[in-house]
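Q: The structure that follows is given in the form of structure tokens.
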Amino acid sequence: MSTNEHYLISAFKRLIERDTLGSSYLLFGPSEATRRAIGAAILGMIEHDALPLIDGTIIDEQKNIGIEDVRTITGWLWQKPLRGKRKGVFITNAEALTGEAQNALLKIVEEPPQEALFILSVNDPSALIAPLISRCERVYVAGVVSVIEKTKAKQAREFIVGTSMQRKAIIKKILDDEADIGKFVEALLAQCIEDPMKHWKLMQGISDRWAKIAQYNTNKKLQLETLMEIG
């Protein structure tokens with residue numbers, strides 16, 4: 001289990017234990033295997049790790065998930081959970097949702113049953129409609145840091161401990177080569193995960209802004225610069 005996977009599963013476990021778990025989450029990032037592991041772990045935890053799942057279902061369709069599939073999910077979610085407090089649906093490849101299905105899913109995500117939990121997993125948030133993404137709590141799932149990505153570790157460490165001016169200089173350097181943005185974000189998250197209790201606000205800020213960068217034709221410089229004042 002990677003550090004990122006361990007941290008995120010532990011974080012969701014705390015939310016479940018405290019009964020503060022939200023109703024909808026979007027897991028996004030380059031590691032499909034890690035996203036799958038986290039989504040499955042969440043469903044397992046809401047059923048106290050009992051198998052087989054009764055109150056959780058995994059939609060693992062790689063082609064098209066249509067409006068009829070969403071209607072089936074909706075009907076199932078309105079039924080009371082049998083084992084735990086929640087009923088959860090994990091869509092492992094939300095990119096497969098058709099436009100019509102996404103709009104149908106948006107309606108139930110906006111006004112979900114009290115016990116419902118939605119977990120959507122995508123590589124790129126831009127595959128989903130903006131209103132649906134805005135209704136989900138976004139969680140960036142980092143991949144395994146490669147040899148090339150490790151070259152960004154020094155910049156990430158300097159960013160975390162740096163002043164606003166130092167952070168601004170690092171952002172300017174990163175933006176000179178847009179291909180480096182994703183590598184820098186992963187390196188920054190990897191550094192934050194070494195002390196997640198201290199850097200949780202920065203991690204949350206990175207996830208939110210990276211989703212916006214990926215989803216919209218937005219000003220990358222402005223989005224990254226908003227991280228300068230986050231501890």
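We name chains A, B, ... following the order of the structure tokens; residues begin at 1 in each chain, and ligands are numbered from 1 as shown.
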Determine which residues of stretch 27-101 of chain A receive a DSSP assignment of helix (DSSP H, G or I), computed from the backbone, and state them as a ChimeraX atom specification.
A: /A:32-46,67-77,94-96,99-101
Q: Please produce a file of the residues just selected, as a PDB file, in the first residue's frame, where the atoms kept are C-alpha atoms.
A:
```pdb
ATOM      1  CA  GLU A  32      -6.527   4.135 -11.283  1.00  0.00           C
ATOM      2  CA  ALA A  33      -5.417   1.235  -9.092  1.00  0.00           C
ATOM      3  CA  THR A  34      -5.147   3.482  -6.034  1.00  0.00           C
ATOM      4  CA  ARG A  35      -8.518   5.099  -6.735  1.00  0.00           C
ATOM      5  CA  ARG A  36     -10.112   1.668  -7.002  1.00  0.00           C
ATOM      6  CA  ALA A  37      -8.505   0.504  -3.765  1.00  0.00           C
ATOM      7  CA  ILE A  38      -9.665   3.592  -1.868  1.00  0.00           C
ATOM      8  CA  GLY A  39     -13.240   3.453  -3.190  1.00  0.00           C
ATOM      9  CA  ALA A  40     -13.577  -0.258  -2.368  1.00  0.00           C
ATOM     10  CA  ALA A  41     -12.083   0.311   1.086  1.00  0.00           C
ATOM     11  CA  ILE A  42     -14.642   3.028   1.864  1.00  0.00           C
ATOM     12  CA  LEU A  43     -17.527   0.732   0.945  1.00  0.00           C
ATOM     13  CA  GLY A  44     -16.018  -1.989   3.101  1.00  0.00           C
ATOM     14  CA  MET A  45     -15.618   0.338   6.074  1.00  0.00           C
ATOM     15  CA  ILE A  46     -19.247   1.519   6.023  1.00  0.00           C
ATOM     16  CA  ILE A  67     -29.626   6.893 -17.666  1.00  0.00           C
ATOM     17  CA  GLU A  68     -31.357   3.561 -16.982  1.00  0.00           C
ATOM     18  CA  ASP A  69     -28.331   2.460 -14.958  1.00  0.00           C
ATOM     19  CA  VAL A  70     -28.561   5.657 -12.902  1.00  0.00           C
ATOM     20  CA  ARG A  71     -32.279   5.098 -12.334  1.00  0.00           C
ATOM     21  CA  THR A  72     -31.540   1.590 -11.072  1.00  0.00           C
ATOM     22  CA  ILE A  73     -28.887   2.987  -8.725  1.00  0.00           C
ATOM     23  CA  THR A  74     -31.315   5.652  -7.495  1.00  0.00           C
ATOM     24  CA  GLY A  75     -34.042   3.139  -6.715  1.00  0.00           C
ATOM     25  CA  TRP A  76     -31.594   0.954  -4.817  1.00  0.00           C
ATOM     26  CA  LEU A  77     -30.264   3.889  -2.793  1.00  0.00           C
ATOM     27  CA  ALA A  94     -17.181   7.742 -14.109  1.00  0.00           C
ATOM     28  CA  GLU A  95     -15.878   8.793 -17.533  1.00  0.00           C
ATOM     29  CA  ALA A  96     -18.248   6.106 -18.860  1.00  0.00           C
ATOM     30  CA  GLY A  99     -24.191  13.112 -20.641  1.00  0.00           C
ATOM     31  CA  GLU A 100     -27.796  12.131 -19.987  1.00  0.00           C
ATOM     32  CA  ALA A 101     -26.705   9.836 -17.159  1.00  0.00           C
TER      33      ALA A 101
END
```
Q: Write out as a list in words each polymer residue whose atoms come within 8 Å of A:Leu21, counting only C-alpha atoms; drop sequence neighbours fewer than 5 positions from it.
A: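 That gives Phe12, Leu15 and Ile16 of chain A.
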Q: Closest to A:Glu5 among A:Val185, A:Ser31, A:Glu115, A:Arg167, using only C-alpha atoms?
A: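 Going through A:Val185, A:Ser31, A:Glu115, A:Arg167 one by one, the smallest distance to A:Glu5 is for A:Ser31.
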Q: In terms of the shortest atom-to-atom distance over only C-alpha atoms, which of A:Lys107, A:Arg14, A:Arg209, A:His6 is closest to A:Arg138?
A: A:Arg209
Q: Looking at only C-alpha atoms, which of A:Ala187, A:Ile9, A:Ala104, A:Leu175 is the one that sits closest to A:Pro131?
A: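 Residue with the minimum atom-to-atom distance to A:Pro131: A:Ala104.
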Q: Run DSSP on the backbone and tell me which residues of stretch 19-181 of chain A come out as strand (DSSP E or B); list them as a ChimeraX atom specification.
A: /A:24-28,56-59,65,87-91,97,116-122,137-140
Q: What does the distance between atom CA of A:Lys87 and atom CA of A:Leu53 come to in Å, to one decimal place?
A: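 Between these atoms lies a distance of 10.1 Å.
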Q: Which polymer residues have any atom within 10 Å of an atom of A:Pro112, counting only C-alpha atoms, with same-chain residues fewer than 3 positions away left out, as a list of chain:residue names?
A: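 Result of the neighbour search: A:Ser23, A:Ser24, A:Thr74, A:Leu77, A:Trp78, A:Leu105, A:Leu106, A:Lys107, A:Ile108, A:Val109, A:Glu115, A:Ala116, A:Leu117, A:Phe118.
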Q: Selected residues, all heavy atoms, written as a short mmCIF file (atom, residue, chain, number, x, y, z; two decimals), in the first residue's frame, please.
A:
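As a result, out-v5.cif now contains:
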```cif
data_model
loop_
_atom_site.label_atom_id
_atom_site.label_comp_id
_atom_site.auth_asym_id
_atom_site.auth_seq_id
_atom_site.Cartn_x
_atom_site.Cartn_y
_atom_site.Cartn_z
N SER A 23 -21.72 13.05 1.52
CA SER A 23 -22.59 12.22 0.69
C SER A 23 -22.03 11.94 -0.69
O SER A 23 -22.49 11.00 -1.35
CB SER A 23 -23.97 12.89 0.56
OG SER A 23 -23.84 14.13 -0.11
N SER A 24 -21.05 12.71 -1.13
CA SER A 24 -20.52 12.48 -2.48
C SER A 24 -19.06 12.90 -2.56
O SER A 24 -18.68 13.98 -2.10
CB SER A 24 -21.35 13.25 -3.52
OG SER A 24 -21.43 14.62 -3.19
N THR A 74 -30.48 4.76 -8.32
CA THR A 74 -31.31 5.65 -7.50
C THR A 74 -32.36 4.86 -6.71
O THR A 74 -32.54 5.07 -5.50
CB THR A 74 -32.01 6.70 -8.38
OG1 THR A 74 -31.03 7.47 -9.07
CG2 THR A 74 -32.89 7.62 -7.54
N LEU A 77 -30.72 3.02 -3.88
CA LEU A 77 -30.26 3.89 -2.79
C LEU A 77 -31.40 4.33 -1.87
O LEU A 77 -31.16 4.64 -0.70
CB LEU A 77 -29.56 5.12 -3.37
CG LEU A 77 -28.12 4.91 -3.86
CD1 LEU A 77 -27.62 6.15 -4.59
CD2 LEU A 77 -27.20 4.61 -2.69
N TRP A 78 -32.62 4.38 -2.38
CA TRP A 78 -33.74 4.79 -1.54
C TRP A 78 -34.19 3.70 -0.58
O TRP A 78 -34.99 3.95 0.32
CB TRP A 78 -34.91 5.26 -2.41
CG TRP A 78 -34.76 6.68 -2.85
CD1 TRP A 78 -34.42 7.13 -4.09
CD2 TRP A 78 -34.93 7.85 -2.04
NE1 TRP A 78 -34.36 8.50 -4.11
CE2 TRP A 78 -34.68 8.98 -2.86
CE3 TRP A 78 -35.27 8.07 -0.70
CZ2 TRP A 78 -34.75 10.29 -2.39
CZ3 TRP A 78 -35.34 9.38 -0.23
CH2 TRP A 78 -35.09 10.46 -1.07
N LEU A 105 -27.75 11.71 -12.64
CA LEU A 105 -27.02 11.50 -11.39
C LEU A 105 -26.93 12.79 -10.59
O LEU A 105 -27.02 12.79 -9.36
CB LEU A 105 -25.62 10.96 -11.70
CG LEU A 105 -24.76 10.58 -10.50
CD1 LEU A 105 -25.41 9.47 -9.68
CD2 LEU A 105 -23.37 10.14 -10.96
N LEU A 106 -26.78 13.92 -11.29
CA LEU A 106 -26.71 15.22 -10.62
C LEU A 106 -27.95 15.46 -9.77
O LEU A 106 -27.85 15.96 -8.64
CB LEU A 106 -26.56 16.33 -11.66
CG LEU A 106 -26.63 17.76 -11.13
CD1 LEU A 106 -25.50 18.04 -10.14
CD2 LEU A 106 -26.59 18.76 -12.30
N LYS A 107 -29.11 15.10 -10.28
CA LYS A 107 -30.35 15.34 -9.54
C LYS A 107 -30.37 14.58 -8.21
O LYS A 107 -30.79 15.13 -7.18
CB LYS A 107 -31.55 14.93 -10.40
CG LYS A 107 -31.75 15.82 -11.61
CD LYS A 107 -32.94 15.36 -12.44
CE LYS A 107 -33.13 16.24 -13.67
NZ LYS A 107 -34.28 15.79 -14.50
N ILE A 108 -29.91 13.34 -8.21
CA ILE A 108 -29.92 12.57 -6.97
C ILE A 108 -28.78 12.99 -6.05
O ILE A 108 -28.90 12.95 -4.83
CB ILE A 108 -29.87 11.04 -7.26
CG1 ILE A 108 -30.04 10.23 -5.98
CG2 ILE A 108 -28.59 10.67 -7.97
CD1 ILE A 108 -31.37 10.33 -5.34
N VAL A 109 -27.66 13.45 -6.62
CA VAL A 109 -26.55 13.93 -5.80
C VAL A 109 -26.93 15.24 -5.12
O VAL A 109 -26.54 15.50 -3.98
CB VAL A 109 -25.28 14.11 -6.67
CG1 VAL A 109 -24.20 14.89 -5.91
CG2 VAL A 109 -24.73 12.74 -7.08
N GLU A 115 -29.14 8.36 3.75
CA GLU A 115 -28.09 7.36 3.99
C GLU A 115 -27.16 7.18 2.79
O GLU A 115 -26.24 6.38 2.83
CB GLU A 115 -28.72 6.00 4.32
CG GLU A 115 -29.59 5.99 5.57
CD GLU A 115 -31.04 6.36 5.28
OE1 GLU A 115 -31.34 6.67 4.10
OE2 GLU A 115 -31.86 6.34 6.22
N ALA A 116 -27.38 7.91 1.69
CA ALA A 116 -26.66 7.64 0.45
C ALA A 116 -25.23 8.16 0.46
O ALA A 116 -24.92 9.20 1.04
CB ALA A 116 -27.41 8.26 -0.73
N LEU A 117 -24.36 7.40 -0.20
CA LEU A 117 -22.97 7.79 -0.39
C LEU A 117 -22.60 7.52 -1.84
O LEU A 117 -22.78 6.41 -2.35
CB LEU A 117 -22.05 6.99 0.54
CG LEU A 117 -20.55 7.09 0.27
CD1 LEU A 117 -20.05 8.51 0.50
CD2 LEU A 117 -19.77 6.09 1.13
N PHE A 118 -22.09 8.54 -2.53
CA PHE A 118 -21.62 8.40 -3.91
C PHE A 118 -20.11 8.56 -3.94
O PHE A 118 -19.56 9.51 -3.36
CB PHE A 118 -22.24 9.48 -4.80
CG PHE A 118 -23.73 9.40 -4.92
CD1 PHE A 118 -24.54 10.12 -4.05
CD2 PHE A 118 -24.33 8.62 -5.89
CE1 PHE A 118 -25.91 10.06 -4.15
CE2 PHE A 118 -25.70 8.55 -5.99
CZ PHE A 118 -26.50 9.27 -5.12
#
```
Q: Pick the closest to A:Pro125 from A:Asp19, A:Tyr140, A:Cys192, A:Thr163: which is it, counting only C-alpha atoms?
A: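 Of the candidates, the smallest distance to A:Pro125 is held by A:Tyr140.
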Q: For atom CA of A:Ala153 and atom CA of A:Gly29, quote the distance in Å rounded to one decimal.
A: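 The value is 18.3 Å.
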Q: Give me, as a list in words, all polymer residues having an atom no more than 9 Å from A:Glu47, counting only C-alpha atoms and skipping those fewer than 5 positions away in the same chain.
A: Ile42, Leu53, Ile54, Asp55, Gly56, Arg83, Gly84, Lys85, Arg86 and Lys87 of chain A
Q: So, counting only C-alpha atoms, which residue among A:Ala50, A:Ile119, A:Leu26, A:Leu188 is closest to A:Val161?
A: A:Leu188
Q: Go through A:Glu137, A:Glu111, A:Asp124, A:Gln191 and flag the residue nearest A:Lys152, using only C-alpha atoms for the distances.
A: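 Closest residue, counting only C-alpha atoms: A:Gln191.
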